[in-house]
$ cat input_36.csv   # CSV, C-alpha atoms and all ligand atoms
chain,number,residue,atom,x,y,z
V,21,MET,CA,7.0,-155.5,130.0
V,22,PRO,CA,7.7,-158.9,131.5
V,23,LYS,CA,10.4,-158.9,134.2
V,24,ALA,CA,12.3,-161.9,132.7
V,25,TRP,CA,12.5,-160.1,129.4
V,26,LEU,CA,13.9,-156.9,131.0
V,27,GLN,CA,16.5,-158.9,132.9
V,28,GLU,CA,17.5,-160.8,129.7
V,29,ARG,CA,17.9,-157.5,127.9
V,30,LYS,CA,20.0,-156.1,130.8
V,31,ARG,CA,22.2,-159.2,130.7
V,32,ASP,CA,22.7,-158.8,126.9
V,33,TYR,CA,23.5,-155.1,127.4
V,34,TYR,CA,26.4,-155.7,129.8
V,35,TYR,CA,27.5,-158.8,127.8
V,36,LYS,CA,27.7,-156.8,124.6
V,37,LYS,CA,29.3,-153.8,126.3
V,38,ALA,CA,32.0,-156.1,127.7
V,39,LYS,CA,32.7,-157.5,124.2
V,40,GLU,CA,32.8,-154.1,122.6
V,41,GLU,CA,35.1,-152.6,125.3
V,42,LYS,CA,37.3,-155.7,125.5
V,43,TYR,CA,36.6,-156.7,129.1
V,44,ARG,CA,37.0,-160.4,129.7
V,45,SER,CA,33.7,-160.5,131.6
V,46,ARG,CA,30.5,-158.5,132.1
V,47,ALA,CA,31.4,-158.7,135.8
V,48,ALA,CA,33.8,-155.8,135.3
V,49,TYR,CA,30.8,-153.4,135.3
V,50,LYS,CA,29.7,-154.5,138.7
V,51,LEU,CA,33.1,-153.5,140.1
V,52,PHE,CA,33.1,-150.2,138.2
V,53,GLN,CA,29.6,-149.3,139.5
V,54,VAL,CA,30.4,-150.0,143.1
V,55,VAL,CA,33.8,-148.3,143.1
V,56,GLU,CA,32.2,-145.3,141.4
V,57,LYS,CA,29.7,-145.0,144.3
V,58,HIS,CA,31.9,-146.0,147.3
V,59,HIS,CA,35.4,-145.1,146.2
V,60,PHE,CA,37.1,-148.0,147.9
V,61,ILE,CA,39.8,-148.5,145.2
V,62,LYS,CA,41.8,-145.4,144.1
V,63,LYS,CA,44.6,-144.5,141.7
V,64,GLY,CA,47.9,-146.0,142.9
V,65,ASP,CA,46.3,-148.7,145.0
V,66,VAL,CA,47.5,-152.2,145.5
V,67,VAL,CA,44.6,-154.6,144.9
V,68,VAL,CA,44.2,-158.4,145.5
V,69,ASP,CA,41.5,-160.0,143.4
V,70,LEU,CA,40.4,-163.5,144.6
V,71,GLY,CA,38.5,-165.8,142.2
V,72,ALA,CA,39.7,-163.6,139.4
V,73,ALA,CA,39.4,-165.7,136.2
V,74,PRO,CA,38.9,-164.9,133.4
V,75,GLY,CA,40.0,-161.4,134.5
V,76,GLY,CA,37.2,-158.8,134.1
V,77,TRP,CA,37.7,-157.4,137.6
V,78,VAL,CA,41.5,-157.5,137.2
V,79,GLN,CA,41.1,-155.3,134.1
V,80,ALA,CA,38.6,-153.0,135.8
V,81,ALA,CA,40.9,-152.7,138.9
V,82,ARG,CA,43.9,-152.0,136.7
V,83,ARG,CA,42.0,-149.3,135.0
V,84,ILE,CA,41.2,-147.7,138.3
V,85,VAL,CA,44.6,-148.0,139.9
V,86,GLY,CA,46.5,-146.9,136.8
V,87,SER,CA,50.1,-147.5,136.0
V,88,LYS,CA,51.4,-146.7,139.5
V,89,GLY,CA,49.2,-149.2,141.3
V,90,PHE,CA,49.4,-153.0,141.3
V,91,VAL,CA,46.8,-155.8,140.8
V,92,LEU,CA,47.2,-159.4,141.7
V,93,GLY,CA,44.6,-161.9,140.5
V,94,VAL,CA,44.2,-165.4,142.0
V,95,ASP,CA,42.1,-168.3,140.7
V,96,LEU,CA,41.9,-172.0,140.7
V,97,ARG,CA,42.0,-171.8,136.9
V,98,PRO,CA,45.0,-170.3,135.1
V,99,ILE,CA,44.3,-166.7,134.0
V,100,GLU,CA,45.5,-165.6,130.6
V,101,PRO,CA,48.4,-163.2,131.2
V,102,PHE,CA,47.9,-159.4,130.9
V,103,PRO,CA,50.3,-157.1,129.0
V,104,GLU,CA,50.6,-154.5,131.8
V,105,HIS,CA,53.8,-154.7,134.0
V,106,ASN,CA,51.8,-154.1,137.2
V,107,VAL,CA,49.3,-156.9,136.8
V,108,ARG,CA,50.2,-160.4,138.0
V,109,THR,CA,48.3,-163.6,138.4
V,110,ILE,CA,48.6,-166.7,140.5
V,111,THR,CA,47.0,-170.1,140.0
V,112,GLY,CA,45.9,-171.2,143.4
V,113,ASP,CA,43.1,-172.2,145.8
V,114,ILE,CA,42.1,-169.5,148.2
V,115,THR,CA,41.0,-172.1,150.7
V,116,GLU,CA,44.6,-173.3,151.0
V,117,GLN,CA,47.3,-171.7,153.2
V,118,GLU,CA,49.7,-171.9,150.2
V,119,ALA,CA,47.7,-169.3,148.3
V,120,LEU,CA,48.1,-166.8,151.1
V,121,GLN,CA,51.9,-167.4,151.2
V,122,GLN,CA,52.1,-166.8,147.4
V,123,ILE,CA,50.0,-163.6,147.6
V,124,LEU,CA,52.3,-162.3,150.4
V,125,GLU,CA,55.3,-163.0,148.2
V,126,PHE,CA,53.9,-161.3,145.1
V,127,LEU,CA,52.6,-158.1,146.8
V,128,PRO,CA,54.9,-155.1,146.6
V,129,ARG,CA,53.4,-153.9,150.0
V,130,LYS,CA,50.3,-154.4,152.0
V,131,ALA,CA,47.1,-154.2,150.0
V,132,ASP,CA,44.7,-151.2,149.9
V,133,ALA,CA,41.8,-153.4,148.8
V,134,VAL,CA,41.0,-157.1,148.7
V,135,ILE,CA,38.1,-158.0,146.4
V,136,SER,CA,36.6,-161.4,145.9
V,137,ASP,CA,34.1,-162.6,143.2
V,138,ALA,CA,35.1,-166.2,143.9
V,139,SER,CA,32.1,-168.6,143.4
V,140,PRO,CA,31.8,-172.4,143.7
V,141,ASN,CA,30.5,-174.5,140.8
V,142,ILE,CA,26.8,-174.1,141.2
V,143,SER,CA,25.1,-177.4,142.1
V,144,GLY,CA,21.6,-176.0,141.9
V,145,ILE,CA,20.9,-177.1,145.5
V,146,TRP,CA,20.3,-173.7,147.1
V,147,GLU,CA,21.5,-174.6,150.6
V,148,VAL,CA,24.7,-176.2,149.3
V,149,ASP,CA,25.6,-173.3,147.0
V,150,HIS,CA,24.9,-170.8,149.8
V,151,ALA,CA,27.1,-172.7,152.3
V,152,ARG,CA,30.0,-173.1,149.7
V,153,GLN,CA,29.8,-169.4,148.8
V,154,ILE,CA,29.9,-168.4,152.5
V,155,ASP,CA,32.9,-170.7,152.9
V,156,LEU,CA,34.7,-169.0,150.1
V,157,ALA,CA,33.8,-165.5,151.5
V,158,GLN,CA,35.2,-166.6,154.9
V,159,HIS,CA,38.5,-167.6,153.3
V,160,ALA,CA,38.5,-164.3,151.4
V,161,LEU,CA,38.0,-162.5,154.7
V,162,GLU,CA,40.9,-164.4,156.3
V,163,ILE,CA,43.2,-163.5,153.3
V,164,ALA,CA,42.0,-159.9,153.6
V,165,LEU,CA,42.9,-159.8,157.3
V,166,GLU,CA,46.5,-161.0,156.6
V,167,THR,CA,47.2,-158.9,153.5
V,168,LEU,CA,45.4,-155.5,154.0
V,169,LYS,CA,47.0,-152.5,155.4
V,170,PRO,CA,45.3,-150.8,158.4
V,171,SER,CA,42.2,-148.9,157.1
V,172,GLY,CA,42.2,-151.1,153.9
V,173,ASN,CA,38.9,-152.2,152.2
V,174,PHE,CA,37.3,-155.5,151.5
V,175,PHE,CA,34.6,-156.3,148.9
V,176,VAL,CA,33.2,-159.8,148.6
V,177,LYS,CA,30.5,-161.7,146.8
V,178,VAL,CA,28.0,-163.7,148.9
V,179,PHE,CA,24.7,-165.5,148.1
V,180,GLN,CA,21.6,-164.8,150.2
V,181,GLY,CA,20.7,-167.4,152.8
V,182,ASP,CA,20.6,-168.1,156.5
V,183,MET,CA,24.3,-168.1,157.1
V,184,LEU,CA,24.7,-164.6,155.7
V,185,ASN,CA,23.9,-162.6,158.8
V,186,ASP,CA,26.6,-164.3,160.8
V,187,PHE,CA,29.1,-163.6,158.1
V,188,ILE,CA,28.1,-159.9,158.0
V,189,ASN,CA,28.5,-159.7,161.7
V,190,LYS,CA,32.0,-161.1,161.4
V,191,VAL,CA,32.9,-158.5,158.8
V,192,LYS,CA,31.5,-155.8,161.1
V,193,GLN,CA,34.0,-156.9,163.8
V,194,TYR,CA,36.9,-156.0,161.6
V,195,PHE,CA,35.7,-153.1,159.5
V,196,GLU,CA,34.4,-149.7,160.6
V,197,VAL,CA,31.7,-149.4,158.0
V,198,VAL,CA,29.9,-152.4,156.4
V,199,LYS,CA,27.5,-152.1,153.5
V,200,ILE,CA,25.4,-154.6,151.7
V,201,ILE,CA,25.3,-154.0,147.9
V,202,LYS,CA,23.5,-155.2,144.8
V,203,PRO,CA,25.1,-153.5,141.8
V,204,LYS,CA,22.9,-152.6,138.8
V,205,ALA,CA,25.0,-154.9,136.6
V,206,SER,CA,24.1,-157.9,138.8
V,207,ARG,CA,21.0,-159.8,137.6
V,208,ALA,CA,18.0,-159.0,139.8
V,209,LYS,CA,16.9,-162.6,139.9
V,210,SER,CA,20.3,-163.9,141.1
V,211,SER,CA,20.8,-164.4,144.8
V,212,GLU,CA,24.2,-162.8,144.5
V,213,MET,CA,25.0,-159.8,146.7
V,214,PHE,CA,28.2,-158.1,147.8
V,215,ILE,CA,29.5,-157.1,151.2
V,216,LEU,CA,31.7,-154.0,151.4
V,217,GLY,CA,33.9,-153.6,154.5
V,218,LEU,CA,35.5,-150.1,154.6
V,219,HIS,CA,38.5,-149.2,156.8
V,220,LEU,CA,40.0,-152.2,158.4
V,221,ARG,CA,40.2,-151.4,162.2
V,301,LIG,C1,32.4,-165.5,138.8
V,301,LIG,S1,34.0,-166.1,138.5
V,301,LIG,C2,34.9,-164.6,138.7
V,301,LIG,C3,34.8,-163.6,137.5
V,301,LIG,C4,35.8,-162.5,137.6
V,301,LIG,N1,35.5,-161.6,138.7
V,301,LIG,C5,35.8,-161.7,136.3
V,301,LIG,O1,35.4,-160.5,136.4
V,301,LIG,O2,36.3,-162.2,135.3
V,301,LIG,C6,34.3,-167.0,139.9
V,301,LIG,C7,35.7,-167.6,140.0
V,301,LIG,O3,36.0,-168.1,141.3
V,301,LIG,C8,36.9,-169.1,141.1
V,301,LIG,N2,37.1,-169.9,142.3
V,301,LIG,C9,36.2,-170.7,142.9
V,301,LIG,N3,36.7,-171.3,144.0
V,301,LIG,C10,37.9,-170.9,144.1
V,301,LIG,C11,39.0,-171.2,145.1
V,301,LIG,N4,38.8,-172.0,146.1
V,301,LIG,N5,40.2,-170.6,144.9
V,301,LIG,C12,40.4,-169.7,143.8
V,301,LIG,N6,39.4,-169.4,142.9
V,301,LIG,C13,38.2,-170.0,143.1
V,301,LIG,C14,36.4,-169.9,139.9
V,301,LIG,O4,37.4,-170.7,139.4
V,301,LIG,C15,35.9,-168.8,139.0
V,301,LIG,O5,36.9,-168.4,138.0
$ encode --input "input_36.csv" --output "structure tokens" --more "lines below"
Ligand SMILES: C[S@@+](CC[C@H](N)C(=O)[O-])C[C@H]1O[C@@H](n2cnc3c(N)ncnc32)[C@H](O)[C@@H]1O
Amino acid sequence: MPKAWLQERKRDYYYKKAKEEKYRSRAAYKLFQVVEKHHFIKKGDVVVDLGAAPGGWVQAARRIVGSKGFVLGVDLRPIEPFPEHNVRTITGDITEQEALQQILEFLPRKADAVISDASPNISGIWEVDHARQIDLAQHALEIALETLKPSGNFFVKVFQGDMLNDFINKVKQYFEVVKIIKPKASRAKSSEMFILGLHLR
């Protein structure tokens, strides 16, 4: 069977599943798959989700942390509010200091996990998109270092490219275990990957 056809079918599968199960994006399944394997978000956890609109990861994280946890979503775009009392959202730019201040104000305590699916508008120029994505990932890392509790976890989207190794080495300076991940729900042809940093030193 042609690879493109298989990929298209996979894309449809998660798209339809998200619609049926009322997730705001198919991306929710990427988070579920990686958490199921690596257990970096648990019941009762406080989670910060960067680049969170429309809110698929927020929903997935809320499902994992349950009613005693807390999920804070941040995005440049306003996120339609959630009915749960322990889910909050902020409209803000994660590259600005102000967003960090707002996150610190909203959090009930230091976070157990900071996750980031933030992505720039894709220009189609591979080097530009890679550099912008790494810049967002660096800002996500800075926010993680300010908001995570000791031994907290960090999960961030990156695009493959020549700046990636330096970024991974940076994450390794701060986290005891670092893994490079491509979830099943992520399209094989996309250059997107995720870096998981476990146990902030
Ligand atoms: C792939 S989407 C996130 C999807 C989300 N994880 C979900 O499951 O619904 C990437 C998001 O990153 C956001 N973003 C890009 N740059 C940002 C920035 N500087 N600050 C905050 N959010 C940003 C975009 O507005 C976009 O909504």
$ closest_residue --input "input_36.csv" --among "V:Leu184, V:Ala38, V:Ala133, V:Leu96" --to "ligand LIG 301 (chain V)" --atoms "all atoms listed in the file"
V:Leu96
$ residues_near_ligand --input "input_36.csv" --ligand "ligand LIG 301 (chain V)" --cutoff "7 Å" --atoms "all atoms listed in the file" --output "VMD selection string"
chain V and resid 44 to 48 70 to 78 94 to 97 112 to 115 137 to 140 156
$ residues_around --input "input_36.csv" --residues "Ile163 in chain V" --least-positions-apart "2" --cutoff "9 Å" --atoms "only C-alpha atoms" --output "list of chain:residue names"
V:Ile114, V:Ala119, V:Leu120, V:Ile123, V:Val134, V:Gln158, V:His159, V:Ala160, V:Leu161, V:Leu165, V:Glu166, V:Thr167, V:Leu168
$ write_last_selection --input "input_36.csv" --atoms "C-alpha atoms" --output "compact mmCIF listing (two decimals), in the frame of the given file"
# COMPACT_ATOMS: atom_id res chain seq x y z
CA ILE V 114 42.10 -169.50 148.20
CA ALA V 119 47.70 -169.30 148.30
CA LEU V 120 48.10 -166.80 151.10
CA ILE V 123 50.00 -163.60 147.60
CA VAL V 134 41.00 -157.10 148.70
CA GLN V 158 35.20 -166.60 154.90
CA HIS V 159 38.50 -167.60 153.30
CA ALA V 160 38.50 -164.30 151.40
CA LEU V 161 38.00 -162.50 154.70
CA LEU V 165 42.90 -159.80 157.30
CA GLU V 166 46.50 -161.00 156.60
CA THR V 167 47.20 -158.90 153.50
CA LEU V 168 45.40 -155.50 154.00
$ atom_distance --input "input_36.csv" --atom1 "CA of Asp65 in chain V" --atom2 "CA of Ile84 in chain V"
8.5 Å
$ residues_around --input "input_36.csv" --residues "Ala80 in chain V" --least-positions-apart "6" --cutoff "9 Å" --atoms "only C-alpha atoms" --output "list in words"
Tyr43, Ala48, Tyr49, Leu51 and Phe52 of chain V
$ closest_residue --input "input_36.csv" --among "V:Ala157, V:Val67, V:Leu218, V:Val54" --to "Ser206 in chain V" --atoms "all atoms listed in the file"
V:Val54
$ closest_residue --input "input_36.csv" --among "V:Ile188, V:Ile110, V:Leu220, V:Ile215" --to "Asn173 in chain V" --atoms "all atoms listed in the file"
V:Leu220
$ closest_residue --input "input_36.csv" --among "V:Lys192, V:Gln153, V:His105, V:Leu92" --to "Gln122 in chain V" --atoms "only C-alpha atoms"
V:Leu92
$ closest_residue --input "input_36.csv" --among "V:Phe175, V:Tyr33, V:Phe102, V:Trp146" --to "Val68 in chain V" --atoms "all atoms listed in the file"
V:Phe175
$ atom_distance --input "input_36.csv" --atom1 "CA of Gln180 in chain V" --atom2 "CA of Leu216 in chain V"
14.8 Å
$ atom_distance --input "input_36.csv" --atom1 "CA of Asp69 in chain V" --atom2 "CA of Ser136 in chain V"
5.7 Å
$ closest_residue --input "input_36.csv" --among "V:Gly86, V:Met183, V:Val178, V:Gly172" --to "Val197 in chain V" --atoms "only C-alpha atoms"
V:Gly172
$ residues_around --input "input_36.csv" --residues "Lys202 in chain V" --least-positions-apart "2" --cutoff "7 Å" --atoms "all atoms listed in the file" --output "number ranges by chain"
V: 204, 206, 213-214
$ residues_near_point --input "input_36.csv" --point "(49.6, -140.0, 137.7)" --cutoff "9 Å" --atoms "all atoms listed in the file" --output "list in words"
Lys63, Gly64, Gly86, Ser87 and Lys88 of chain V
$ write_last_selection --input "input_36.csv" --atoms "C-alpha atoms" --output "compact mmCIF listing (two decimals), in the coordinates of the input"
# COMPACT_ATOMS: atom_id res chain seq x y z
CA LYS V 63 44.60 -144.50 141.70
CA GLY V 64 47.90 -146.00 142.90
CA GLY V 86 46.50 -146.90 136.80
CA SER V 87 50.10 -147.50 136.00
CA LYS V 88 51.40 -146.70 139.50
$ residues_around --input "input_36.csv" --residues "Arg221 in chain V" --least-positions-apart "3" --cutoff "9 Å" --atoms "only C-alpha atoms" --output "count of residues only"
7
